[in-house]
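Listing of work-v1.txt; format and content: compact mmCIF, C-alpha atoms (C1' of nucleotides).
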# COMPACT_ATOMS: atom_id res chain seq x y z
CA MET A 1 71.62 24.66 -19.91
CA ARG A 2 68.07 23.43 -20.05
CA SER A 3 65.43 25.67 -21.51
CA GLY A 4 61.91 26.20 -20.30
CA HIS A 5 62.90 27.19 -16.82
CA GLY A 6 63.53 30.84 -17.45
CA LEU A 7 67.08 30.16 -16.38
CA ARG A 8 69.90 31.92 -18.14
CA THR A 9 73.20 30.34 -18.89
CA THR A 10 75.77 32.14 -16.82
CA ARG A 11 79.37 31.22 -16.38
CA GLN A 12 78.79 30.91 -12.64
CA ARG A 13 75.91 28.50 -13.14
CA GLU A 14 77.78 26.38 -15.63
CA ILE A 15 80.80 26.02 -13.42
CA ILE A 16 78.73 25.22 -10.36
CA MET A 17 76.94 22.45 -12.28
CA ASP A 18 80.19 21.19 -13.67
CA GLU A 19 81.98 21.04 -10.34
CA LEU A 20 79.04 19.37 -8.66
CA ARG A 21 78.80 16.74 -11.38
CA LYS A 22 82.49 16.00 -11.09
CA SER A 23 82.34 15.72 -7.33
CA ARG A 24 81.81 12.37 -5.70
CA SER A 25 81.49 13.78 -2.21
CA HIS A 26 78.11 15.51 -1.86
CA PRO A 27 79.63 18.86 -0.93
CA THR A 28 78.14 21.54 1.29
CA ALA A 29 77.47 25.02 -0.06
CA ASP A 30 80.73 26.40 1.21
CA GLU A 31 82.68 23.44 -0.10
CA MET A 32 81.10 24.20 -3.46
CA TYR A 33 82.13 27.80 -3.02
CA GLU A 34 85.75 26.77 -2.51
CA MET A 35 85.70 24.43 -5.49
CA VAL A 36 84.12 26.96 -7.82
CA ARG A 37 86.31 29.75 -6.58
CA ARG A 38 89.37 28.05 -7.95
CA ARG A 39 87.96 28.58 -11.42
CA LEU A 40 86.05 31.79 -10.82
CA PRO A 41 87.84 33.70 -8.07
CA ARG A 42 85.39 36.58 -7.94
CA ILE A 43 82.23 34.56 -7.42
CA SER A 44 80.36 35.28 -4.21
CA LEU A 45 79.04 32.85 -1.66
CA GLY A 46 75.56 34.29 -2.17
CA THR A 47 75.67 33.39 -5.83
CA VAL A 48 76.61 29.84 -4.96
CA TYR A 49 73.70 29.57 -2.55
CA ARG A 50 71.28 31.12 -5.01
CA ASN A 51 72.29 28.78 -7.79
CA LEU A 52 72.21 25.66 -5.67
CA GLU A 53 68.72 26.66 -4.65
CA VAL A 54 67.47 27.36 -8.15
CA LEU A 55 69.07 24.27 -9.61
CA SER A 56 67.59 22.00 -7.00
CA ASP A 57 64.20 23.65 -7.39
CA CYS A 58 64.15 22.75 -11.05
CA GLY A 59 65.42 19.25 -10.40
CA MET A 60 68.82 19.54 -11.99
CA ILE A 61 70.57 18.74 -8.74
CA ARG A 62 69.43 17.35 -5.43
CA LYS A 63 69.56 18.92 -2.01
CA LEU A 64 70.34 16.52 0.81
CA GLU A 65 69.55 16.88 4.48
CA ILE A 66 71.22 13.78 5.67
CA GLY A 67 73.54 13.79 8.64
CA GLY A 68 74.60 17.12 10.01
CA THR A 69 73.85 20.78 10.22
CA GLN A 70 74.66 21.90 6.74
CA LYS A 71 72.82 20.88 3.63
CA ARG A 72 74.69 18.92 1.01
CA PHE A 73 74.27 18.78 -2.73
CA ASP A 74 74.21 15.96 -5.19
CA GLY A 75 74.75 16.40 -8.92
CA ILE A 76 73.04 13.17 -9.73
CA ALA A 77 71.10 12.28 -12.81
CA GLY A 78 68.64 9.72 -11.49
CA ALA A 79 67.28 8.37 -8.24
CA HIS A 80 69.58 6.52 -5.90
CA TYR A 81 70.04 5.69 -2.25
CA HIS A 82 72.69 6.82 0.19
CA LEU A 83 75.24 5.12 2.34
CA LEU A 84 76.50 7.25 5.20
CA CYS A 85 79.40 6.72 7.56
CA THR A 86 78.28 7.91 10.97
CA ARG A 87 81.82 8.43 12.11
CA CYS A 88 83.50 10.41 9.36
CA GLY A 89 80.42 11.71 7.57
CA ARG A 90 81.34 10.26 4.20
CA ILE A 91 78.37 9.70 1.91
CA GLU A 92 78.30 7.25 -0.98
CA ASP A 93 75.71 6.74 -3.67
CA LEU A 94 73.92 3.46 -4.14
CA PRO A 95 72.29 3.02 -7.53
CA LEU A 96 68.77 1.63 -7.27
CA ASP A 97 69.71 -1.37 -9.33
CA ALA A 98 72.25 -2.34 -6.71
CA MET A 99 69.30 -3.69 -4.81
CA PRO A 100 66.40 -4.23 -7.19
CA GLU A 101 64.32 -6.24 -4.72
CA ILE A 102 64.25 -3.25 -2.42
CA SER A 103 63.31 -0.57 -4.86
CA LYS A 104 60.64 -2.89 -6.14
CA ALA A 105 59.24 -3.51 -2.67
CA LEU A 106 59.27 0.19 -1.90
CA GLY A 107 57.69 1.28 -5.13
CA ARG A 108 54.16 1.27 -3.90
CA LYS A 109 51.76 3.89 -5.08
CA LYS A 110 49.70 4.37 -1.99
CA ILE A 111 50.23 4.12 1.77
CA ARG A 112 47.59 5.13 4.28
CA ASP A 113 45.82 7.07 1.61
CA PHE A 114 48.92 9.13 0.86
CA GLU A 115 49.70 9.29 -2.82
CA ILE A 116 53.38 8.33 -2.86
CA ARG A 117 55.58 10.13 -5.32
CA GLU A 118 59.01 9.18 -4.13
CA HIS A 119 60.81 7.15 -1.53
CA ARG A 120 64.19 7.61 0.05
CA VAL A 121 66.49 5.16 1.68
CA ALA A 122 69.67 5.71 3.63
CA PHE A 123 71.94 3.17 5.24
CA LEU A 124 74.01 4.28 8.22
CA GLY A 125 77.06 2.58 9.51
CA LEU A 126 80.83 2.58 9.48
CA CYS A 127 82.90 2.82 6.33
CA PRO A 128 85.88 0.48 5.91
CA LYS A 129 88.42 3.03 7.11
CA CYS A 130 86.48 3.96 10.22
CA ARG A 131 85.61 0.38 11.02
CA ASP A 132 89.31 -0.46 11.05
CA GLY A 133 89.88 2.19 13.65
CA LYS A 134 91.65 4.63 11.39
CA ARG A 135 89.51 7.42 12.63
CA ARG A 136 89.37 10.10 10.02
CA LEU A 137 87.81 13.15 11.61
CA THR A 138 87.05 16.02 9.30
CA ALA A 139 84.92 19.11 9.46
CA VAL A 140 82.29 16.91 7.92
CA SER A 141 81.99 14.75 10.96
CA ARG A 142 80.58 17.33 13.30
CA GLY A 143 77.12 16.12 14.02
CA ALA A 144 77.41 13.36 11.48
CA THR A 145 75.66 10.83 13.65
CA LYS A 146 73.15 13.17 15.12
CA GLY A 147 70.54 13.55 12.46
CA GLY A 148 67.82 11.22 11.40
CA MET A 149 64.89 11.10 9.09
CA MET B 150 64.03 8.65 34.02
CA ARG B 151 66.60 6.12 32.93
CA SER B 152 69.72 5.69 35.01
CA GLY B 153 73.24 5.13 33.82
CA HIS B 154 73.34 8.22 31.68
CA GLY B 155 74.36 10.68 34.33
CA LEU B 156 71.06 12.38 33.62
CA ARG B 157 69.10 13.85 36.45
CA THR B 158 65.37 13.89 36.65
CA THR B 159 64.26 17.47 36.39
CA ARG B 160 60.77 18.76 36.04
CA GLN B 161 61.75 20.38 32.74
CA ARG B 162 63.09 17.13 31.36
CA GLU B 163 60.07 15.13 32.46
CA ILE B 164 57.63 17.53 30.91
CA ILE B 165 59.57 17.74 27.67
CA MET B 166 59.57 13.95 27.38
CA ASP B 167 55.93 13.78 28.28
CA GLU B 168 54.82 16.38 25.76
CA LEU B 169 56.89 14.83 23.02
CA ARG B 170 55.49 11.38 23.71
CA LYS B 171 51.97 12.72 23.59
CA SER B 172 52.57 14.57 20.36
CA ARG B 173 51.75 12.93 17.09
CA SER B 174 53.23 15.71 15.00
CA HIS B 175 57.02 15.55 15.19
CA PRO B 176 57.38 19.09 16.54
CA THR B 177 60.25 21.50 16.04
CA ALA B 178 62.21 22.83 19.01
CA ASP B 179 60.18 25.99 19.23
CA GLU B 180 56.91 24.12 18.91
CA MET B 181 58.11 22.01 21.84
CA TYR B 182 58.92 25.22 23.68
CA GLU B 183 55.37 26.46 23.23
CA MET B 184 53.88 23.16 24.30
CA VAL B 185 56.04 22.85 27.38
CA ARG B 186 55.59 26.49 28.31
CA ARG B 187 51.91 25.95 28.91
CA ARG B 188 52.86 23.70 31.80
CA LEU B 189 56.09 25.37 32.86
CA PRO B 190 55.83 29.05 31.96
CA ARG B 191 59.30 29.98 33.13
CA ILE B 192 61.22 27.42 31.10
CA SER B 193 63.71 28.87 28.65
CA LEU B 194 64.15 28.03 25.00
CA GLY B 195 67.78 27.16 25.71
CA THR B 196 66.69 24.51 28.18
CA VAL B 197 64.38 22.99 25.61
CA TYR B 198 67.20 22.83 23.06
CA ARG B 199 69.63 21.39 25.59
CA ASN B 200 67.23 18.69 26.66
CA LEU B 201 66.20 17.71 23.16
CA GLU B 202 69.89 17.38 22.38
CA VAL B 203 70.76 15.31 25.43
CA LEU B 204 67.72 13.10 25.12
CA SER B 205 68.40 12.34 21.48
CA ASP B 206 72.06 11.70 22.24
CA CYS B 207 71.14 8.99 24.68
CA GLY B 208 68.54 7.53 22.36
CA MET B 209 65.44 8.40 24.33
CA ILE B 210 64.05 10.47 21.50
CA ARG B 211 64.94 10.86 17.85
CA LYS B 212 66.06 13.94 15.98
CA LEU B 213 64.73 14.21 12.45
CA GLU B 214 66.16 16.15 9.55
CA ILE B 215 63.47 15.43 7.09
CA GLY B 216 61.88 18.16 5.04
CA GLY B 217 62.68 21.70 5.97
CA THR B 218 65.07 24.01 7.73
CA GLN B 219 64.32 23.20 11.31
CA LYS B 220 64.98 19.91 12.99
CA ARG B 221 62.03 17.96 14.29
CA PHE B 222 61.75 15.56 17.17
CA ASP B 223 60.15 12.20 17.59
CA GLY B 224 59.29 10.68 20.94
CA ILE B 225 59.22 7.18 19.58
CA ALA B 226 60.13 4.00 21.35
CA GLY B 227 61.38 1.87 18.49
CA ALA B 228 62.46 2.12 14.89
CA HIS B 229 59.96 3.15 12.27
CA TYR B 230 59.73 4.82 8.91
CA HIS B 231 58.24 8.13 7.91
CA LEU B 232 55.57 9.27 5.57
CA LEU B 233 55.86 12.93 4.59
CA CYS B 234 53.41 15.15 2.77
CA THR B 235 55.44 17.36 0.48
CA ARG B 236 52.73 19.94 0.34
CA CYS B 237 51.71 20.60 3.93
CA GLY B 238 54.74 19.12 5.68
CA ARG B 239 52.77 16.67 7.77
CA ILE B 240 54.79 13.66 8.90
CA GLU B 241 53.32 10.33 9.91
CA ASP B 242 54.98 7.32 11.45
CA LEU B 243 55.03 3.96 9.78
CA PRO B 244 55.76 1.04 12.06
CA LEU B 245 58.28 -1.37 10.57
CA ASP B 246 55.80 -4.19 10.78
CA ALA B 247 53.49 -2.27 8.47
CA MET B 248 55.78 -3.53 5.74
CA PRO B 249 57.73 -6.51 7.01
CA GLU B 250 59.04 -7.52 3.61
CA ILE B 251 60.78 -4.19 3.33
CA SER B 252 62.49 -4.05 6.67
CA LYS B 253 63.59 -7.59 6.07
CA ALA B 254 65.06 -6.77 2.68
CA LEU B 255 66.79 -3.71 4.05
CA GLY B 256 68.25 -5.41 7.08
CA ARG B 257 71.52 -6.37 5.53
CA LYS B 258 74.66 -6.24 7.55
CA LYS B 259 77.11 -5.13 4.96
CA ILE B 260 77.07 -2.98 1.83
CA ARG B 261 80.20 -2.08 -0.06
CA ASP B 262 82.28 -2.98 2.92
CA PHE B 263 80.36 -0.56 5.14
CA GLU B 264 79.22 -2.14 8.36
CA ILE B 265 75.54 -1.19 8.42
CA ARG B 266 74.05 -0.30 11.77
CA GLU B 267 70.77 1.24 10.76
CA HIS B 268 68.62 2.07 7.79
CA ARG B 269 66.10 4.79 7.25
CA VAL B 270 63.21 5.00 4.89
CA ALA B 271 60.95 7.88 4.04
CA PHE B 272 58.03 8.03 1.64
CA LEU B 273 57.16 11.37 0.10
CA GLY B 274 53.89 12.27 -1.46
CA LEU B 275 50.57 13.94 -0.90
CA CYS B 276 48.39 13.31 2.11
CA PRO B 277 44.65 12.78 1.57
CA LYS B 278 43.75 16.39 2.37
CA CYS B 279 46.34 17.88 0.06
CA ARG B 280 45.61 15.42 -2.70
CA ASP B 281 42.00 16.52 -2.68
CA GLY B 282 43.07 20.06 -3.27
CA LYS B 283 42.25 21.30 0.20
CA ARG B 284 45.57 22.97 0.42
CA ARG B 285 46.48 23.33 4.05
CA LEU B 286 49.45 25.66 4.21
CA THR B 287 51.05 26.04 7.59
CA ALA B 288 54.34 27.34 8.87
CA VAL B 289 55.45 23.77 8.51
CA SER B 290 55.20 23.86 4.78
CA ARG B 291 57.96 26.34 4.20
CA GLY B 292 60.57 24.32 2.38
CA ALA B 293 58.69 21.13 2.96
CA THR B 294 59.38 19.82 -0.49
CA LYS B 295 62.87 21.10 -0.76
CA GLY B 296 64.96 18.69 1.25
CA GLY B 297 66.14 15.24 0.40
CA MET B 298 68.38 12.59 1.71
C1' DT C 299 78.05 19.04 49.35
C1' DT C 300 78.82 17.96 44.81
C1' DT C 301 77.64 18.03 40.19
C1' DG C 302 74.51 18.66 36.69
C1' DG C 303 70.64 21.71 35.19
C1' DT C 304 68.32 26.15 34.42
C1' DG C 305 67.26 30.99 32.88
C1' DC C 306 68.86 34.68 30.55
C1' DA C 307 71.09 36.95 27.10
C1' DA C 308 74.68 37.16 24.00
C1' DA C 309 77.20 34.89 20.41
C1' DG C 310 77.53 31.71 16.44
C1' DG C 311 76.89 29.39 12.11
C1' DC C 312 74.60 28.77 7.99
C1' DT C 313 71.54 30.82 4.70
C1' DT C 314 68.84 34.42 2.65
C1' DT C 315 68.17 39.08 0.88
C1' DG C 316 68.28 44.15 -0.65
C1' DC C 317 70.52 46.78 -3.73
C1' DA C 318 73.05 48.76 -7.61
C1' DG C 319 75.63 47.47 -11.38
C1' DA C 320 76.65 43.73 -15.03
C1' DA C 321 75.31 40.39 -18.32
C1' DA C 322 72.21 37.36 -21.07
C1' DG C 323 68.76 37.03 -24.51
C1' DC D 324 66.06 47.06 -24.08
C1' DT D 325 64.33 44.07 -20.71
C1' DT D 326 64.88 40.72 -17.41
C1' DT D 327 67.70 37.88 -14.84
C1' DC D 328 71.97 37.38 -12.43
C1' DT D 329 75.90 38.84 -9.69
C1' DG D 330 78.88 40.71 -5.88
C1' DC D 331 78.77 42.68 -1.65
C1' DA D 332 77.26 43.29 2.74
C1' DA D 333 73.74 43.30 5.93
C1' DA D 334 70.05 40.89 7.94
C1' DG D 335 67.70 36.62 9.45
C1' DC D 336 66.77 32.45 11.54
C1' DC D 337 67.71 28.61 14.23
C1' DT D 338 70.77 26.85 17.57
C1' DT D 339 74.47 26.91 20.86
C1' DT D 340 76.94 28.79 24.82
C1' DG D 341 78.86 31.49 28.99
C1' DC D 342 77.67 32.59 33.34
C1' DA D 343 75.70 32.90 37.87
C1' DC D 344 72.25 30.82 40.44
C1' DC D 345 69.43 26.64 41.57
C1' DA D 346 68.34 21.91 42.51
C1' DA D 347 68.90 16.80 42.36
C1' DA D 348 71.27 13.07 44.44

File written out as structure tokens:
Amino acid sequence: MRSGHGLRTTRQREIIMDELRKSRSHPTADEMYEMVRRRLPRISLGTVYRNLEVLSDCGMIRKLEIGGTQKRFDGIAGAHYHLLCTRCGRIEDLPLDAMPEISKALGRKKIRDFEIREHRVAFLGLCPKCRDGKRRLTAVSRGATKGGM
Amino acid sequence: MRSGHGLRTTRQREIIMDELRKSRSHPTADEMYEMVRRRLPRISLGTVYRNLEVLSDCGMIRKLEIGGTQKRFDGIAGAHYHLLCTRCGRIEDLPLDAMPEISKALGRKKIRDFEIREHRVAFLGLCPKCRDGKRRLTAVSRGATKGGM
DNA sequence: TTTGGTGCAAAGGCTTTGCAGAAAG
DNA sequence: CTTTCTGCAAAGCCTTTGCACCAAA
């Protein structure tokens, strides 16, 4: 693990990072708990929450507040945008270079005297499956369309 | 109030809409409760929550999940972007036409086979006050920098 | 009169925390 | 040995809900 954060390398932390990096689905804390528990049956939910918090505080993962009640986590390396299905709640990543003209246009340093450090973009719509009417309702979808930013 | 929604015009609803429209600060549900209570002392917090929910469901207001634990509400008419101070939690609106080249670039109909209905943009940084070191910590700031999308 | 809304209080869901013991450095 | 982390369980915070009464249409 990275040094200079005062963070120790624990088995719990390593596995949480590893599972999050492997995941393509931006899991919630309790989804993380289930994933990690398969490899570390005695881990507690509190430990999962604490680690997700610490890791996002030091920038090693990202905490998302897009679409829904629960927070989601993203094991990303660099900046990217999100693509969210408002019906099933699925979230996909969009690398910045998928749309260079946009990240360029948005990369301004100052707006209304605010010093801009970061910008975020999300696209909302229907994924192919949901568009074709194959409604795939999961736990994820509760409130999926209800949030904004 | 608008017809066709099955919504009745109640004094509570009217005042909630009115206070939210007047507000420039994207209040939380309990901030709304305090505001409305000055005009309608017997209103209950539950009623405020129920109305904010219903009104955002039918598109008359917008529910925000930017920056922090609590949801915030926006009495806006049309689409716009947000400008968030990561230090004090202040949120400002940015009309789309403040940056036409951006909304144009982002207005694509299809990405990765998703049918795009909407896009959202937020800029994060420091507002003038916070940049100048006049740290203005409010209840709002708890977790202000911790969320993403 | 009918149906949706309100106030109140209790219940719920997700997240955070206090504590004592375990583990990393 | 010291400091951080963990598991467990309790507490916390924000939000939702059941119910009986009230009010809009």

Output as a Markdown table one row per residue of chain B within 12 Å of chain C: the closest atom pair and its distance in Å to one decimal place, counting only C-alpha atoms (C1' of nucleotides), sorted by chain and residue number ascending.
| residue | atom | partner | partner_atom | distance |
| --- | --- | --- | --- | --- |
| B:His154 | CA | C:DG302 | C1' | 11.6 |
| B:Gly155 | CA | C:DG302 | C1' | 8.3 |
| B:Leu156 | CA | C:DG302 | C1' | 7.8 |
| B:Arg157 | CA | C:DG302 | C1' | 7.2 |
| B:Thr158 | CA | C:DG303 | C1' | 9.5 |
| B:Thr159 | CA | C:DG303 | C1' | 7.8 |
| B:Arg160 | CA | C:DG303 | C1' | 10.3 |
| B:Gln161 | CA | C:DT304 | C1' | 8.9 |
| B:Arg162 | CA | C:DG303 | C1' | 9.6 |
| B:Pro190 | CA | C:DG305 | C1' | 11.6 |
| B:Arg191 | CA | C:DG305 | C1' | 8.0 |
| B:Ile192 | CA | C:DG305 | C1' | 7.2 |
| B:Ser193 | CA | C:DG305 | C1' | 5.9 |
| B:Leu194 | CA | C:DG305 | C1' | 9.0 |
| B:Gly195 | CA | C:DG305 | C1' | 8.1 |
| B:Thr196 | CA | C:DT304 | C1' | 6.7 |
| B:Val197 | CA | C:DT304 | C1' | 10.2 |
| B:Tyr198 | CA | C:DT304 | C1' | 11.9 |
| B:Arg199 | CA | C:DG303 | C1' | 9.7 |
| B:Asn200 | CA | C:DG303 | C1' | 9.7 |
| B:Val203 | CA | C:DG303 | C1' | 11.7 |
| B:Thr218 | CA | C:DT313 | C1' | 9.9 |

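One finds CA of Leu204 (chain B) at 25.7 Å from CA of Ser252 (chain B).
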
Within 12 Å of chain B: each chain D residue with its shortest pair, only C-alpha atoms (C1' of nucleotides), as JSON lines:
{"residue": "D:DC336", "atom": "C1'", "partner": "B:Thr218", "partner_atom": "CA", "distance": 9.4}
{"residue": "D:DC337", "atom": "C1'", "partner": "B:Gln219", "partner_atom": "CA", "distance": 7.0}
{"residue": "D:DT338", "atom": "C1'", "partner": "B:Tyr198", "partner_atom": "CA", "distance": 7.7}
{"residue": "D:DT339", "atom": "C1'", "partner": "B:Gly195", "partner_atom": "CA", "distance": 8.3}
{"residue": "D:DT340", "atom": "C1'", "partner": "B:Gly195", "partner_atom": "CA", "distance": 9.3}
{"residue": "D:DC345", "atom": "C1'", "partner": "B:Thr159", "partner_atom": "CA", "distance": 11.7}
{"residue": "D:DA346", "atom": "C1'", "partner": "B:Thr159", "partner_atom": "CA", "distance": 8.6}
{"residue": "D:DA347", "atom": "C1'", "partner": "B:Arg157", "partner_atom": "CA", "distance": 6.6}
{"residue": "D:DA348", "atom": "C1'", "partner": "B:Arg157", "partner_atom": "CA", "distance": 8.3}

| Which residue, A:Ile116, A:Met17, A:Ile76, A:Leu52, has the smallest gap to chain B when you use all atoms listed in the file? |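 Between A:Ile116, A:Met17, A:Ile76, A:Leu52, the residue approaching chain B most closely is A:Ile116.
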
Counting all atoms listed in the file, which residue out of B:Glu168, B:Glu267, B:Asp223, B:Glu180 sits closest to chain A?
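Ranking B:Glu168, B:Glu267, B:Asp223, B:Glu180 by distance to chain A, first place goes to B:Glu267.
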
Q) Could you work out how far CA of His231 (chain B) lies from CA of Phe272 (chain B), giving the answer in Å with one decimal? A)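 Interatomic distance here is 6.3 Å.
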
Take region 118-130 of chain A, bring it up to N, CA, C and O atoms, and give me the output as a CSV table (one decimal), in the frame of the given file.
chain,number,residue,atom,x,y,z
A,118,GLU,N,57.6,9.4,-4.2
A,118,GLU,CA,59.0,9.2,-4.1
A,118,GLU,C,59.3,8.5,-2.8
A,118,GLU,O,58.6,8.7,-1.8
A,119,HIS,N,60.4,7.7,-2.8
A,119,HIS,CA,60.8,7.2,-1.5
A,119,HIS,C,62.3,7.3,-1.4
A,119,HIS,O,63.0,7.4,-2.4
A,120,ARG,N,62.8,7.4,-0.2
A,120,ARG,CA,64.2,7.6,0.0
A,120,ARG,C,64.7,6.6,1.1
A,120,ARG,O,64.0,6.3,2.0
A,121,VAL,N,65.9,6.1,0.8
A,121,VAL,CA,66.5,5.2,1.7
A,121,VAL,C,67.9,5.6,2.0
A,121,VAL,O,68.6,6.0,1.1
A,122,ALA,N,68.3,5.5,3.2
A,122,ALA,CA,69.7,5.7,3.6
A,122,ALA,C,70.1,4.6,4.6
A,122,ALA,O,69.4,4.2,5.4
A,123,PHE,N,71.3,4.2,4.4
A,123,PHE,CA,71.9,3.2,5.2
A,123,PHE,C,73.0,3.9,6.1
A,123,PHE,O,73.8,4.6,5.5
A,124,LEU,N,73.0,3.6,7.4
A,124,LEU,CA,74.0,4.3,8.2
A,124,LEU,C,74.9,3.2,8.9
A,124,LEU,O,74.4,2.2,9.3
A,125,GLY,N,76.2,3.5,8.9
A,125,GLY,CA,77.1,2.6,9.5
A,125,GLY,C,78.5,3.1,9.5
A,125,GLY,O,78.7,4.3,9.5
A,126,LEU,N,79.4,2.2,9.5
A,126,LEU,CA,80.8,2.6,9.5
A,126,LEU,C,81.5,2.2,8.2
A,126,LEU,O,81.3,1.1,7.7
A,127,CYS,N,82.2,3.1,7.6
A,127,CYS,CA,82.9,2.8,6.3
A,127,CYS,C,84.1,2.0,6.7
A,127,CYS,O,84.5,1.9,7.8
A,128,PRO,N,84.7,1.4,5.7
A,128,PRO,CA,85.9,0.5,5.9
A,128,PRO,C,87.0,1.1,6.7
A,128,PRO,O,87.5,0.6,7.7
A,129,LYS,N,87.3,2.3,6.4
A,129,LYS,CA,88.4,3.0,7.1
A,129,LYS,C,88.1,3.2,8.6
A,129,LYS,O,88.9,2.9,9.5
A,130,CYS,N,86.9,3.7,8.8
A,130,CYS,CA,86.5,4.0,10.2
A,130,CYS,C,86.3,2.7,11.0
A,130,CYS,O,86.6,2.6,12.2
